[in-house]
$ cat structure_29.pdb   # PDB, C-alpha atoms
ATOM      1  CA  MET A   1     -33.916   2.755   6.934
ATOM      2  CA  SER A   2     -34.266   2.119   3.224
ATOM      3  CA  ASP A   3     -31.844   4.978   2.610
ATOM      4  CA  GLN A   4     -29.302   3.204   4.738
ATOM      5  CA  ILE A   5     -29.695  -0.038   2.800
ATOM      6  CA  ASN A   6     -29.306   1.839  -0.453
ATOM      7  CA  THR A   7     -26.139   3.467   0.833
ATOM      8  CA  LYS A   8     -24.731   0.097   1.809
ATOM      9  CA  ASP A   9     -25.650  -1.424  -1.567
ATOM     10  CA  HIS A  10     -24.092   1.554  -3.265
ATOM     11  CA  ILE A  11     -20.854   1.101  -1.297
ATOM     12  CA  MET A  12     -20.782  -2.653  -1.958
ATOM     13  CA  ALA A  13     -21.201  -1.900  -5.669
ATOM     14  CA  ALA A  14     -18.361   0.629  -5.519
ATOM     15  CA  LEU A  15     -16.115  -1.873  -3.693
ATOM     16  CA  ALA A  16     -16.905  -4.498  -6.320
ATOM     17  CA  ARG A  17     -15.293  -2.185  -8.862
ATOM     18  CA  LEU A  18     -12.027  -2.400  -6.888
ATOM     19  CA  PRO A  19     -10.863  -6.021  -7.230
ATOM     20  CA  TYR A  20      -7.839  -5.419  -4.986
ATOM     21  CA  ALA A  21     -10.084  -4.086  -2.199
ATOM     22  CA  GLU A  22     -12.225  -7.212  -2.572
ATOM     23  CA  GLU A  23      -9.103  -9.394  -2.354
ATOM     24  CA  LEU A  24      -8.258  -7.680   0.921
ATOM     25  CA  GLY A  25     -11.786  -8.508   2.123
ATOM     26  CA  ILE A  26     -12.660  -4.857   2.843
ATOM     27  CA  TYR A  27     -16.331  -4.351   3.788
ATOM     28  CA  PRO A  28     -18.420  -1.379   5.005
ATOM     29  CA  LEU A  29     -20.237  -0.524   8.217
ATOM     30  CA  VAL A  30     -22.821   2.185   7.670
ATOM     31  CA  MET A  31     -24.362   4.276  10.437
ATOM     32  CA  GLY A  32     -26.599   6.964   8.991
ATOM     33  CA  ASP A  33     -24.425   8.862   6.575
ATOM     34  CA  GLU A  34     -21.238   7.848   8.360
ATOM     35  CA  LEU A  35     -19.138   5.247   6.591
ATOM     36  CA  THR A  36     -16.577   3.031   8.308
ATOM     37  CA  LEU A  37     -14.634   0.469   6.319
ATOM     38  CA  VAL A  38     -13.246  -2.705   7.872
ATOM     39  CA  LEU A  39     -10.036  -4.461   6.860
ATOM     40  CA  PRO A  40     -10.475  -7.930   8.347
ATOM     41  CA  TYR A  41      -7.306  -9.526   9.651
ATOM     42  CA  ALA A  42      -5.889 -12.288   7.443
ATOM     43  CA  PRO A  43      -2.383 -13.808   7.416
ATOM     44  CA  HIS A  44      -1.741 -12.500   3.884
ATOM     45  CA  ILE A  45      -1.792  -8.832   5.002
ATOM     46  CA  ILE A  46       1.110  -9.353   7.412
ATOM     47  CA  GLY A  47       4.331  -7.473   6.668
ATOM     48  CA  ASN A  48       6.595  -8.687   9.452
ATOM     49  CA  PRO A  49       5.739 -12.209  10.643
ATOM     50  CA  MET A  50       8.217 -12.011  13.558
ATOM     51  CA  LEU A  51       6.450  -8.977  15.023
ATOM     52  CA  LYS A  52       3.049 -10.091  13.654
ATOM     53  CA  ALA A  53       2.765  -6.563  12.238
ATOM     54  CA  LEU A  54       0.427  -5.669   9.383
ATOM     55  CA  HIS A  55       2.116  -4.623   6.105
ATOM     56  CA  GLY A  56       2.369  -0.846   5.754
ATOM     57  CA  GLY A  57       1.401  -1.204   2.115
ATOM     58  CA  ALA A  58      -1.753  -3.175   2.902
ATOM     59  CA  VAL A  59      -2.817  -0.632   5.534
ATOM     60  CA  GLY A  60      -1.959   2.197   3.122
ATOM     61  CA  ALA A  61      -4.043   0.563   0.400
ATOM     62  CA  PHE A  62      -6.918   0.225   2.875
ATOM     63  CA  LEU A  63      -6.781   3.943   3.760
ATOM     64  CA  GLU A  64      -6.606   4.878   0.110
ATOM     65  CA  THR A  65      -9.625   2.676  -0.590
ATOM     66  CA  THR A  66     -11.509   4.393   2.240
ATOM     67  CA  ALA A  67     -10.773   7.801   0.685
ATOM     68  CA  ILE A  68     -11.859   6.606  -2.774
ATOM     69  CA  ILE A  69     -15.109   5.046  -1.522
ATOM     70  CA  GLN A  70     -15.956   8.096   0.597
ATOM     71  CA  LEU A  71     -15.421  10.390  -2.401
ATOM     72  CA  GLY A  72     -17.221   7.942  -4.696
ATOM     73  CA  LEU A  73     -20.430   8.100  -2.609
ATOM     74  CA  ASN A  74     -21.652  10.797  -4.961
ATOM     75  CA  GLY A  75     -21.449   8.323  -7.835
ATOM     76  CA  GLY A  76     -19.707   8.740 -11.152
ATOM     77  CA  THR A  77     -16.186   7.733 -12.057
ATOM     78  CA  LEU A  78     -13.915   6.559  -9.270
ATOM     79  CA  PRO A  79     -11.551   9.256  -8.017
ATOM     80  CA  LYS A  80      -7.844   8.890  -8.788
ATOM     81  CA  PRO A  81      -5.087   9.561  -6.257
ATOM     82  CA  ILE A  82      -2.711  12.439  -7.097
ATOM     83  CA  GLY A  83      -0.511  12.499  -4.013
ATOM     84  CA  ILE A  84      -0.895  10.875  -0.613
ATOM     85  CA  ASN A  85       0.977  11.088   2.686
ATOM     86  CA  ILE A  86       0.826   8.251   5.176
ATOM     87  CA  ASP A  87       2.012   8.441   8.790
ATOM     88  CA  TYR A  88       2.488   5.143  10.577
ATOM     89  CA  LEU A  89       1.853   5.828  14.248
ATOM     90  CA  ARG A  90       1.537   2.365  15.738
ATOM     91  CA  ARG A  91       2.217  -1.179  14.694
ATOM     92  CA  GLY A  92      -0.827  -2.788  13.094
ATOM     93  CA  LYS A  93      -1.689  -5.792  15.247
ATOM     94  CA  PRO A  94      -3.038  -9.048  13.763
ATOM     95  CA  GLN A  95      -6.681  -8.064  14.214
ATOM     96  CA  ASP A  96      -9.383  -6.127  12.337
ATOM     97  CA  THR A  97      -8.646  -2.522  11.363
ATOM     98  CA  TYR A  98     -11.237   0.245  10.887
ATOM     99  CA  ALA A  99     -11.020   3.445   8.862
ATOM    100  CA  ARG A 100     -13.081   6.592   8.391
ATOM    101  CA  ALA A 101     -12.464   9.413   5.931
ATOM    102  CA  ILE A 102     -13.198  13.119   6.174
ATOM    103  CA  VAL A 103     -13.346  15.212   3.032
ATOM    104  CA  ALA A 104     -11.480  18.354   4.106
ATOM    105  CA  ARG A 105     -12.251  20.133   0.872
ATOM    106  CA  GLN A 106     -14.165  19.130  -2.229
ATOM    107  CA  GLY A 107     -13.140  21.390  -5.099
ATOM    108  CA  SER A 108     -14.405  21.249  -8.648
ATOM    109  CA  ARG A 109     -11.577  18.927  -9.710
ATOM    110  CA  VAL A 110      -9.545  18.015  -6.660
ATOM    111  CA  ALA A 111     -10.625  16.793  -3.235
ATOM    112  CA  ASN A 112      -8.448  16.846  -0.124
ATOM    113  CA  VAL A 113      -9.165  13.894   2.154
ATOM    114  CA  ARG A 114      -8.008  12.833   5.614
ATOM    115  CA  VAL A 115      -8.327   9.200   6.669
ATOM    116  CA  LYS A 116      -7.763   7.660  10.078
ATOM    117  CA  ALA A 117      -7.294   3.956  10.784
ATOM    118  CA  TRP A 118      -7.563   2.376  14.215
ATOM    119  CA  GLN A 119      -7.899  -1.002  15.904
ATOM    120  CA  ASP A 120      -8.613  -1.059  19.650
ATOM    121  CA  SER A 121      -9.671   2.539  20.106
ATOM    122  CA  VAL A 122     -10.623   5.331  17.743
ATOM    123  CA  THR A 123      -8.568   7.662  19.953
ATOM    124  CA  SER A 124      -5.399   5.624  19.291
ATOM    125  CA  PRO A 125      -5.084   5.624  15.499
ATOM    126  CA  ILE A 126      -2.500   3.263  13.992
ATOM    127  CA  THR A 127      -2.169   5.082  10.665
ATOM    128  CA  ILE A 128      -3.250   8.437   9.232
ATOM    129  CA  LEU A 129      -3.444   9.366   5.563
ATOM    130  CA  HIS A 130      -3.993  12.716   3.924
ATOM    131  CA  GLY A 131      -3.956  13.296   0.226
ATOM    132  CA  ASN A 132      -5.353  14.901  -2.894
ATOM    133  CA  PHE A 133      -7.593  13.029  -5.308
ATOM    134  CA  LEU A 134      -8.784  13.892  -8.782
ATOM    135  CA  THR A 135     -12.539  13.542  -8.337
ATOM    136  CA  ALA A 136     -15.302  12.033 -10.408
ATOM    137  CA  HIS A 137     -16.053  14.809 -12.821
ATOM    138  CA  ALA A 138     -12.447  15.781 -13.543
ATOM    139  CA  ALA A 139     -11.272  12.156 -13.597
ATOM    140  CA  LYS A 140     -13.889  11.357 -16.210
ATOM    141  CA  GLU A 141     -12.710  14.192 -18.428
ATOM    142  CA  ASP A 142      -9.172  13.023 -18.009
ATOM    143  CA  VAL A 143      -9.913   9.427 -18.979
ATOM    144  CA  SER A 144     -11.795  10.428 -22.106
ATOM    145  CA  LYS A 145      -8.830  12.555 -23.109
ATOM    146  CA  GLU A 146      -6.268   9.919 -22.310
ATOM    147  CA  GLU A 147      -7.815   6.762 -23.617
ATOM    148  CA  PRO A 148      -7.485   7.208 -27.374
ATOM    149  CA  VAL A 149      -3.842   8.265 -26.978
ATOM    150  CA  LYS A 150      -1.881   5.033 -26.871
ATOM    151  CA  THR A 151       1.626   6.284 -27.622
ATOM    152  CA  LYS A 152       3.628   9.212 -26.349
ATOM    153  CA  ALA A 153       4.109  10.358 -29.965
ATOM    154  CA  GLY A 154       0.377  10.643 -30.451
ATOM    155  CA  LYS A 155       0.032  13.325 -27.807
TER     156      LYS A 155
ATOM    157  CA  MET B   1      34.090  -5.801   4.514
ATOM    158  CA  HIS B   2      32.194  -4.269   1.633
ATOM    159  CA  GLU B   3      32.046  -7.554  -0.284
ATOM    160  CA  GLU B   4      31.092  -9.449   2.831
ATOM    161  CA  LYS B   5      28.192  -7.069   3.465
ATOM    162  CA  LEU B   6      27.016  -7.366  -0.134
ATOM    163  CA  LYS B   7      27.053 -11.140   0.136
ATOM    164  CA  ARG B   8      24.991 -10.978   3.325
ATOM    165  CA  LEU B   9      22.555  -8.608   1.607
ATOM    166  CA  TRP B  10      22.124 -10.899  -1.383
ATOM    167  CA  ASP B  11      21.604 -13.855   0.960
ATOM    168  CA  MET B  12      18.969 -11.995   2.976
ATOM    169  CA  ALA B  13      17.128  -9.962   0.324
ATOM    170  CA  PRO B  14      15.130 -12.657  -1.552
ATOM    171  CA  MET B  15      13.785 -13.862   1.788
ATOM    172  CA  PHE B  16      12.923 -10.295   2.818
ATOM    173  CA  VAL B  17      10.351 -10.446   0.004
ATOM    174  CA  GLU B  18       9.433 -14.157   0.107
ATOM    175  CA  GLY B  19       9.124 -14.137   3.892
ATOM    176  CA  THR B  20       6.758 -11.137   3.880
ATOM    177  CA  PRO B  21       3.253 -12.579   3.566
ATOM    178  CA  HIS B  22       1.668  -9.523   1.967
ATOM    179  CA  ALA B  23       4.513  -9.099  -0.566
ATOM    180  CA  LYS B  24       4.120 -12.770  -1.495
ATOM    181  CA  PHE B  25       0.353 -12.359  -1.791
ATOM    182  CA  LEU B  26       0.827  -9.443  -4.215
ATOM    183  CA  GLY B  27       3.381 -11.439  -6.241
ATOM    184  CA  ILE B  28       6.294  -9.049  -5.621
ATOM    185  CA  LYS B  29       9.593 -10.394  -6.981
ATOM    186  CA  PHE B  30      13.082  -9.660  -5.727
ATOM    187  CA  VAL B  31      15.319  -8.252  -8.491
ATOM    188  CA  ALA B  32      18.467  -6.772  -6.972
ATOM    189  CA  VAL B  33      20.025  -5.305  -3.848
ATOM    190  CA  ASP B  34      23.066  -3.146  -3.171
ATOM    191  CA  ILE B  35      24.210  -1.124  -0.183
ATOM    192  CA  ALA B  36      21.328   1.318   0.476
ATOM    193  CA  ARG B  37      19.605   0.299  -2.771
ATOM    194  CA  ALA B  38      16.943  -2.198  -3.773
ATOM    195  CA  THR B  39      14.988  -3.140  -6.892
ATOM    196  CA  LEU B  40      11.785  -5.199  -6.861
ATOM    197  CA  SER B  41       9.232  -5.980  -9.535
ATOM    198  CA  LEU B  42       5.527  -6.737  -9.603
ATOM    199  CA  PRO B  43       3.941  -8.594 -12.536
ATOM    200  CA  TYR B  44       0.444  -7.445 -13.491
ATOM    201  CA  ASP B  45      -2.351  -9.483 -11.923
ATOM    202  CA  LYS B  46      -6.129  -9.078 -12.390
ATOM    203  CA  LYS B  47      -6.739  -9.417  -8.652
ATOM    204  CA  LEU B  48      -4.741  -6.195  -8.096
ATOM    205  CA  ILE B  49      -6.958  -3.995 -10.273
ATOM    206  CA  GLY B  50      -8.228  -0.782  -8.700
ATOM    207  CA  ASN B  51     -10.752   0.171 -11.338
ATOM    208  CA  ALA B  52     -12.774  -2.550 -13.018
ATOM    209  CA  GLU B  53     -13.513  -0.339 -16.045
ATOM    210  CA  THR B  54      -9.974   0.790 -16.884
ATOM    211  CA  LYS B  55      -8.198  -2.358 -15.506
ATOM    212  CA  VAL B  56      -5.563  -0.073 -13.987
ATOM    213  CA  LEU B  57      -3.760  -1.346 -10.867
ATOM    214  CA  HIS B  58      -5.022  -0.094  -7.492
ATOM    215  CA  GLY B  59      -2.930   2.814  -6.190
ATOM    216  CA  GLY B  60      -2.556   0.868  -2.959
ATOM    217  CA  VAL B  61      -0.706  -1.883  -4.813
ATOM    218  CA  LEU B  62       1.938   0.681  -5.777
ATOM    219  CA  THR B  63       1.967   1.874  -2.161
ATOM    220  CA  ALA B  64       2.746  -1.671  -1.013
ATOM    221  CA  LEU B  65       5.401  -2.211  -3.707
ATOM    222  CA  LEU B  66       7.152   1.124  -3.019
ATOM    223  CA  ASP B  67       6.967   0.498   0.741
ATOM    224  CA  GLN B  68       8.520  -2.963   0.319
ATOM    225  CA  ALA B  69      11.329  -1.756  -1.998
ATOM    226  CA  SER B  70      12.038   1.265   0.210
ATOM    227  CA  GLY B  71      12.078  -0.955   3.309
ATOM    228  CA  LEU B  72      14.662  -3.249   1.730
ATOM    229  CA  ALA B  73      16.814  -0.255   0.726
ATOM    230  CA  ALA B  74      16.548   0.997   4.328
ATOM    231  CA  VAL B  75      17.556  -2.388   5.788
ATOM    232  CA  SER B  76      20.499  -2.452   3.358
ATOM    233  CA  SER B  77      21.650   1.017   4.401
ATOM    234  CA  PHE B  78      22.417   0.284   8.063
ATOM    235  CA  ASP B  79      25.723  -1.138   9.267
ATOM    236  CA  GLU B  80      23.902  -3.888  11.073
ATOM    237  CA  MET B  81      21.035  -5.731   9.424
ATOM    238  CA  LEU B  82      17.976  -4.902  11.497
ATOM    239  CA  PRO B  83      14.269  -5.047  10.665
ATOM    240  CA  VAL B  84      12.642  -1.689   9.994
ATOM    241  CA  ALA B  85       9.212  -0.091  10.335
ATOM    242  CA  THR B  86       7.828   2.625   8.056
ATOM    243  CA  LEU B  87       7.444   5.989   9.824
ATOM    244  CA  ASP B  88       5.945   7.885   6.927
ATOM    245  CA  LEU B  89       5.481   7.460   3.232
ATOM    246  CA  ARG B  90       4.558  10.037   0.620
ATOM    247  CA  ILE B  91       3.536   8.915  -2.841
ATOM    248  CA  ASP B  92       2.950  10.938  -5.988
ATOM    249  CA  TYR B  93       0.990   9.219  -8.715
ATOM    250  CA  MET B  94       2.305  10.512 -12.048
ATOM    251  CA  ARG B  95       0.116   8.468 -14.349
ATOM    252  CA  ALA B  96      -2.020   5.347 -14.457
ATOM    253  CA  ALA B  97      -0.087   2.080 -14.691
ATOM    254  CA  THR B  98      -0.533   0.383 -18.079
ATOM    255  CA  PRO B  99      -2.772  -2.705 -17.724
ATOM    256  CA  GLY B 100      -0.750  -5.866 -18.348
ATOM    257  CA  LYS B 101       2.652  -4.331 -17.688
ATOM    258  CA  THR B 102       5.099  -5.352 -14.964
ATOM    259  CA  ILE B 103       5.977  -2.573 -12.522
ATOM    260  CA  ILE B 104       9.579  -2.115 -11.397
ATOM    261  CA  ALA B 105      10.360  -0.278  -8.155
ATOM    262  CA  GLU B 106      13.827   1.126  -7.528
ATOM    263  CA  ALA B 107      14.612   2.503  -4.084
ATOM    264  CA  HIS B 108      17.597   4.395  -2.723
ATOM    265  CA  ALA B 109      18.244   5.148   0.949
ATOM    266  CA  TYR B 110      20.117   8.372   0.275
ATOM    267  CA  LYS B 111      20.761   9.082   3.937
ATOM    268  CA  SER B 112      20.724   6.998   7.067
ATOM    269  CA  THR B 113      21.526   7.850  10.649
ATOM    270  CA  ARG B 114      21.929   5.319  13.478
ATOM    271  CA  HIS B 115      18.280   4.312  13.489
ATOM    272  CA  ILE B 116      16.562   6.302  10.728
ATOM    273  CA  ALA B 117      16.788   5.912   6.942
ATOM    274  CA  PHE B 118      15.484   8.376   4.346
ATOM    275  CA  VAL B 119      14.461   6.685   1.129
ATOM    276  CA  ARG B 120      13.376   7.818  -2.321
ATOM    277  CA  ALA B 121      11.833   5.371  -4.766
ATOM    278  CA  VAL B 122      10.412   5.331  -8.258
ATOM    279  CA  ALA B 123       7.940   2.873  -9.828
ATOM    280  CA  HIS B 124       8.058   2.528 -13.604
ATOM    281  CA  GLU B 125       7.388   0.088 -16.444
ATOM    282  CA  GLY B 126      10.936  -0.165 -17.782
ATOM    283  CA  ASP B 127      11.753   3.492 -18.368
ATOM    284  CA  ALA B 128      12.633   5.257 -15.120
ATOM    285  CA  ASP B 129      12.205   8.601 -16.911
ATOM    286  CA  ASP B 130       8.520   7.821 -17.431
ATOM    287  CA  PRO B 131       7.508   6.982 -13.839
ATOM    288  CA  VAL B 132       4.116   5.674 -12.763
ATOM    289  CA  ALA B 133       4.730   6.884  -9.208
ATOM    290  CA  THR B 134       7.494   8.237  -6.994
ATOM    291  CA  SER B 135       7.799   8.092  -3.242
ATOM    292  CA  GLN B 136       9.679   9.540  -0.317
ATOM    293  CA  ALA B 137       9.736   7.674   2.977
ATOM    294  CA  SER B 138      11.461   7.404   6.318
ATOM    295  CA  PHE B 139      12.057   4.184   8.220
ATOM    296  CA  MET B 140      13.337   3.353  11.669
ATOM    297  CA  THR B 141      14.928   0.205  12.994
ATOM    298  CA  THR B 142      12.418  -1.511  15.248
ATOM    299  CA  ALA B 143      13.046  -1.457  18.979
ATOM    300  CA  SER B 144      12.226  -5.135  19.287
ATOM    301  CA  GLY B 145      14.459  -5.853  16.286
ATOM    302  CA  LYS B 146      16.425  -9.014  16.551
ATOM    303  CA  LYS B 147      18.970 -10.017  13.961
ATOM    304  CA  MET B 148      17.278 -13.400  13.985
ATOM    305  CA  SER B 149      14.317 -11.896  12.133
ATOM    306  CA  PHE B 150      16.239 -12.488   8.937
ATOM    307  CA  ASN B 151      16.829 -16.142   9.665
ATOM    308  CA  PRO B 152      14.769 -17.889   6.953
ATOM    309  CA  LEU B 153      13.806 -20.832   9.159
ATOM    310  CA  GLU B 154      12.630 -18.630  12.010
ATOM    311  CA  ARG B 155      10.730 -16.470   9.581
ATOM    312  CA  THR B 156       9.047 -19.428   7.908
ATOM    313  CA  LYS B 157       8.026 -20.714  11.318
ATOM    314  CA  ALA B 158       6.706 -17.263  12.277
ATOM    315  CA  VAL B 159       4.579 -17.218   9.096
ATOM    316  CA  GLN B 160       3.162 -20.646  10.003
ATOM    317  CA  ASP B 161       2.406 -19.473  13.527
ATOM    318  CA  LEU B 162       0.383 -16.439  12.425
ATOM    319  CA  PRO B 163      -3.185 -16.422  13.707
ATOM    320  CA  ALA B 164      -5.695 -17.675  11.143
ATOM    321  CA  ALA B 165      -8.141 -15.344   9.429
ATOM    322  CA  ARG B 166     -11.532 -14.929  11.061
ATOM    323  CA  LYS B 167     -14.086 -17.156   9.374
ATOM    324  CA  SER B 168     -15.932 -15.108   6.763
ATOM    325  CA  GLY B 169     -19.444 -14.286   7.822
ATOM    326  CA  ASP B 170     -18.548 -13.884  11.500
ATOM    327  CA  ALA B 171     -19.809 -10.606  12.878
ATOM    328  CA  LYS B 172     -20.268  -9.201   9.404
TER     329      LYS B 172
END

$ encode --input "structure_29.pdb" --output "structure tokens"
Amino acid sequence: MSDQINTKDHIMAALARLPYAEELGIYPLVMGDELTLVLPYAPHIIGNPMLKALHGGAVGAFLETTAIIQLGLNGGTLPKPIGINIDYLRRGKPQDTYARAIVARQGSRVANVRVKAWQDSVTSPITILHGNFLTAHAAKEDVSKEEPVKTKAGK
Amino acid sequence: MHEEKLKRLWDMAPMFVEGTPHAKFLGIKFVAVDIARATLSLPYDKKLIGNAETKVLHGGVLTALLDQASGLAAVSSFDEMLPVATLDLRIDYMRAATPGKTIIAEAHAYKSTRHIAFVRAVAHEGDADDPVATSQASFMTTASGKKMSFNPLERTKAVQDLPAARKSGDAK
């Protein structure tokens, strides 16, 4: 039980480092070692008010956040996205959306992640993301290399 | 015909951004539209940060900006102005966005069929040859699409009629 609380605290701390995710109101549900993130419905995440459809960008950002938090569970620097693919399968309805990520492969520098988002039923996903992320260790190296270089000429 | 379409596009485009609640929330600004092309911008905002330590924008913010610009380019590419839905979107993140800088997104629907548009877009900070991210997407016109969707009054009313957010704390 205490492990679970620690995991949740850890995730809340990770989310707090993502101001945009906080603005979207994203929060975690933790069952054992399984993490589900929730994107609560709010009028400001609507993309098409006539169809009352969620914005593809907001849902995409939510899936990307889910991938980052899942990869960040090991601690360290937050992973950085390299390339992502998003398939929009169904219209996002004006209600809460859930997402779960699976790390397909964790390499020494790059992780491949698959994320599924659903609303009414986990078997009817509304959006699927798969992508590659530069993970903690490699991202950290990269930042330390990049930060002192302010201009292109200095490279 | 061409001029008439351009005029209609310029009349519709600012509202396409303003009348999209999430685009408004992010602070996305309409810049320009042409047949099958669109340019939008996004001023830097602290609430859009994706990493509290580096202050770099959240990748998802770029996703939303590129999706919005590409969607407008798609709408502008069809003979008739119809609302569109994103089918798929691929984004490559070339480098971290510079904290404090405005992002510009330029989208081009390089091919459109009757109902599908294929769109490429680039997000940069003023120099398109030094992109922050690039994207490739496909859009389709929505089945329930009504031309009226672009009527500003109807759209404003639709925004007002959206269900309210769940009270925070409920079922959390």

$ closest_residue --input "structure_29.pdb" --among "B:Ser77, B:Thr102, B:Thr113, B:Thr134" --to "chain A" --atoms "only C-alpha atoms"
B:Thr134

$ closest_atom_pairs --input "structure_29.pdb" --of "chain B" --to "chain A" --cutoff "9 Å" --atoms "all atoms listed in the file" --output "Markdown table"
| residue | atom | partner | partner_atom | distance |
| --- | --- | --- | --- | --- |
| B:Gly19 | CA | A:Pro49 | CA | 7.8 |
| B:Thr20 | CA | A:Gly47 | CA | 5.2 |
| B:Pro21 | CA | A:His44 | CA | 5.0 |
| B:His22 | CA | A:Ile45 | CA | 4.7 |
| B:Ala23 | CA | A:Gly47 | CA | 7.4 |
| B:Lys24 | CA | A:His44 | CA | 8.0 |
| B:Phe25 | CA | A:His44 | CA | 6.1 |
| B:Lys46 | CA | A:Pro19 | CA | 7.6 |
| B:Lys47 | CA | A:Pro19 | CA | 5.5 |
| B:Leu48 | CA | A:Tyr20 | CA | 4.5 |
| B:Ile49 | CA | A:Pro19 | CA | 5.3 |
| B:Gly50 | CA | A:Leu18 | CA | 4.5 |
| B:Asn51 | CA | A:Leu18 | CA | 5.3 |
| B:Ala52 | CA | A:Arg17 | CA | 4.9 |
| B:Glu53 | CA | A:Arg17 | CA | 7.6 |
| B:Thr54 | CA | A:Val143 | CA | 8.9 |
| B:Leu57 | CA | A:Tyr20 | CA | 8.2 |
| B:His58 | CA | A:Tyr20 | CA | 6.5 |
| B:Gly59 | CA | A:Ala61 | CA | 7.1 |
| B:Gly60 | CA | A:Ala61 | CA | 3.7 |
| B:Val61 | CA | A:Ala61 | CA | 6.7 |
| B:Leu62 | CA | A:Gly57 | CA | 8.1 |
| B:Thr63 | CA | A:Gly57 | CA | 5.3 |
| B:Ala64 | CA | A:Gly57 | CA | 3.4 |
| B:Leu65 | CA | A:Gly57 | CA | 7.1 |
| B:Leu66 | CA | A:Gly57 | CA | 8.1 |
| B:Asp67 | CA | A:Gly57 | CA | 6.0 |
| B:Gln68 | CA | A:Gly57 | CA | 7.5 |
| B:Pro83 | CA | A:Asn48 | CA | 8.6 |
| B:Ala85 | CA | A:Gly56 | CA | 8.3 |
| B:Thr86 | CA | A:Tyr88 | CA | 6.4 |
| B:Leu87 | CA | A:Tyr88 | CA | 5.1 |
| B:Asp88 | CA | A:Asp87 | CA | 4.4 |
| B:Leu89 | CA | A:Ile86 | CA | 5.1 |
| B:Arg90 | CA | A:Asn85 | CA | 4.3 |
| B:Ile91 | CA | A:Ile84 | CA | 5.3 |
| B:Asp92 | CA | A:Gly83 | CA | 4.3 |
| B:Tyr93 | CA | A:Ile82 | CA | 5.2 |
| B:Met94 | CA | A:Ile82 | CA | 7.3 |
| B:Arg95 | CA | A:Ile82 | CA | 8.7 |
| B:Ala96 | CA | A:Lys80 | CA | 8.9 |
| B:Ser144 | CA | A:Leu51 | CA | 8.1 |
| B:Gly145 | CA | A:Leu51 | CA | 8.7 |
| B:Ser149 | CA | A:Met50 | CA | 6.3 |
| B:Glu154 | CA | A:Met50 | CA | 8.1 |
| B:Arg155 | CA | A:Met50 | CA | 6.5 |
| B:Thr156 | CA | A:Pro49 | CA | 8.4 |
| B:Lys157 | CA | A:Pro49 | CA | 8.8 |
| B:Ala158 | CA | A:Pro49 | CA | 5.4 |
| B:Val159 | CA | A:Pro49 | CA | 5.4 |
| B:Gln160 | CA | A:Pro49 | CA | 8.8 |
| B:Asp161 | CA | A:Pro49 | CA | 8.5 |
| B:Leu162 | CA | A:Pro43 | CA | 6.3 |
| B:Pro163 | CA | A:Pro43 | CA | 6.9 |
| B:Ala164 | CA | A:Pro43 | CA | 6.3 |
| B:Ala165 | CA | A:Ala42 | CA | 4.3 |
| B:Arg166 | CA | A:Tyr41 | CA | 7.0 |
| B:Lys172 | CA | A:Tyr27 | CA | 8.4 |

$ atom_distance --input "structure_29.pdb" --atom1 "CA of Val56 in chain B" --atom2 "CA of Pro99 in chain B"
5.4 Å

$ atom_distance --input "structure_29.pdb" --atom1 "CA of Ala69 in chain B" --atom2 "CA of Thr39 in chain B"
6.3 Å

$ closest_residue --input "structure_29.pdb" --among "A:Leu71, A:Ala99, A:Met31, A:Ala13" --to "Ile126 in chain A" --atoms "only C-alpha atoms"
A:Ala99

$ resolve_selection --input "structure_29.pdb" --expression "the PyMOL selection byres ((chain B and resi 76) around 10)" --output "list in words"
Lys5, Leu6, Arg8, Leu9, Trp10, Met12, Ala13, Val33, Asp34, Ile35, Ala36, Arg37, Ala38, Ser70, Gly71, Leu72, Ala73, Ala74, Val75, Ser77, Phe78, Asp79, Glu80, Met81, Leu82, Pro83, His108, Ala109 and Ala117 of chain B

$ decode --input "structure_29.pdb" --residues "range 27-35 of chain B" --atoms "N, CA and C atoms" --output "PDB file, in the first residue's frame"
ATOM      1  N   GLY B  27      -3.636  30.370 -26.971  1.00  0.00           N
ATOM      2  CA  GLY B  27      -3.200  31.699 -27.406  1.00  0.00           C
ATOM      3  C   GLY B  27      -2.724  31.707 -28.849  1.00  0.00           C
ATOM      4  N   ILE B  28      -3.207  30.746 -29.647  1.00  0.00           N
ATOM      5  CA  ILE B  28      -2.822  30.672 -31.065  1.00  0.00           C
ATOM      6  C   ILE B  28      -3.414  31.865 -31.815  1.00  0.00           C
ATOM      7  N   LYS B  29      -2.569  32.490 -32.656  1.00  0.00           N
ATOM      8  CA  LYS B  29      -2.998  33.654 -33.436  1.00  0.00           C
ATOM      9  C   LYS B  29      -3.034  33.327 -34.921  1.00  0.00           C
ATOM     10  N   PHE B  30      -4.067  33.835 -35.587  1.00  0.00           N
ATOM     11  CA  PHE B  30      -4.157  33.682 -37.034  1.00  0.00           C
ATOM     12  C   PHE B  30      -3.176  34.658 -37.682  1.00  0.00           C
ATOM     13  N   VAL B  31      -2.417  34.200 -38.666  1.00  0.00           N
ATOM     14  CA  VAL B  31      -1.477  35.075 -39.379  1.00  0.00           C
ATOM     15  C   VAL B  31      -1.907  35.251 -40.833  1.00  0.00           C
ATOM     16  N   ALA B  32      -2.015  34.158 -41.571  1.00  0.00           N
ATOM     17  CA  ALA B  32      -2.378  34.280 -42.981  1.00  0.00           C
ATOM     18  C   ALA B  32      -2.993  33.001 -43.510  1.00  0.00           C
ATOM     19  N   VAL B  33      -3.744  33.153 -44.607  1.00  0.00           N
ATOM     20  CA  VAL B  33      -4.336  31.983 -45.267  1.00  0.00           C
ATOM     21  C   VAL B  33      -4.254  32.199 -46.768  1.00  0.00           C
ATOM     22  N   ASP B  34      -4.135  31.109 -47.499  1.00  0.00           N
ATOM     23  CA  ASP B  34      -4.154  31.141 -48.959  1.00  0.00           C
ATOM     24  C   ASP B  34      -4.793  29.825 -49.371  1.00  0.00           C
ATOM     25  N   ILE B  35      -5.026  29.627 -50.649  1.00  0.00           N
ATOM     26  CA  ILE B  35      -5.626  28.366 -51.070  1.00  0.00           C
ATOM     27  C   ILE B  35      -4.642  27.236 -50.728  1.00  0.00           C
TER      28      ILE B  35
END
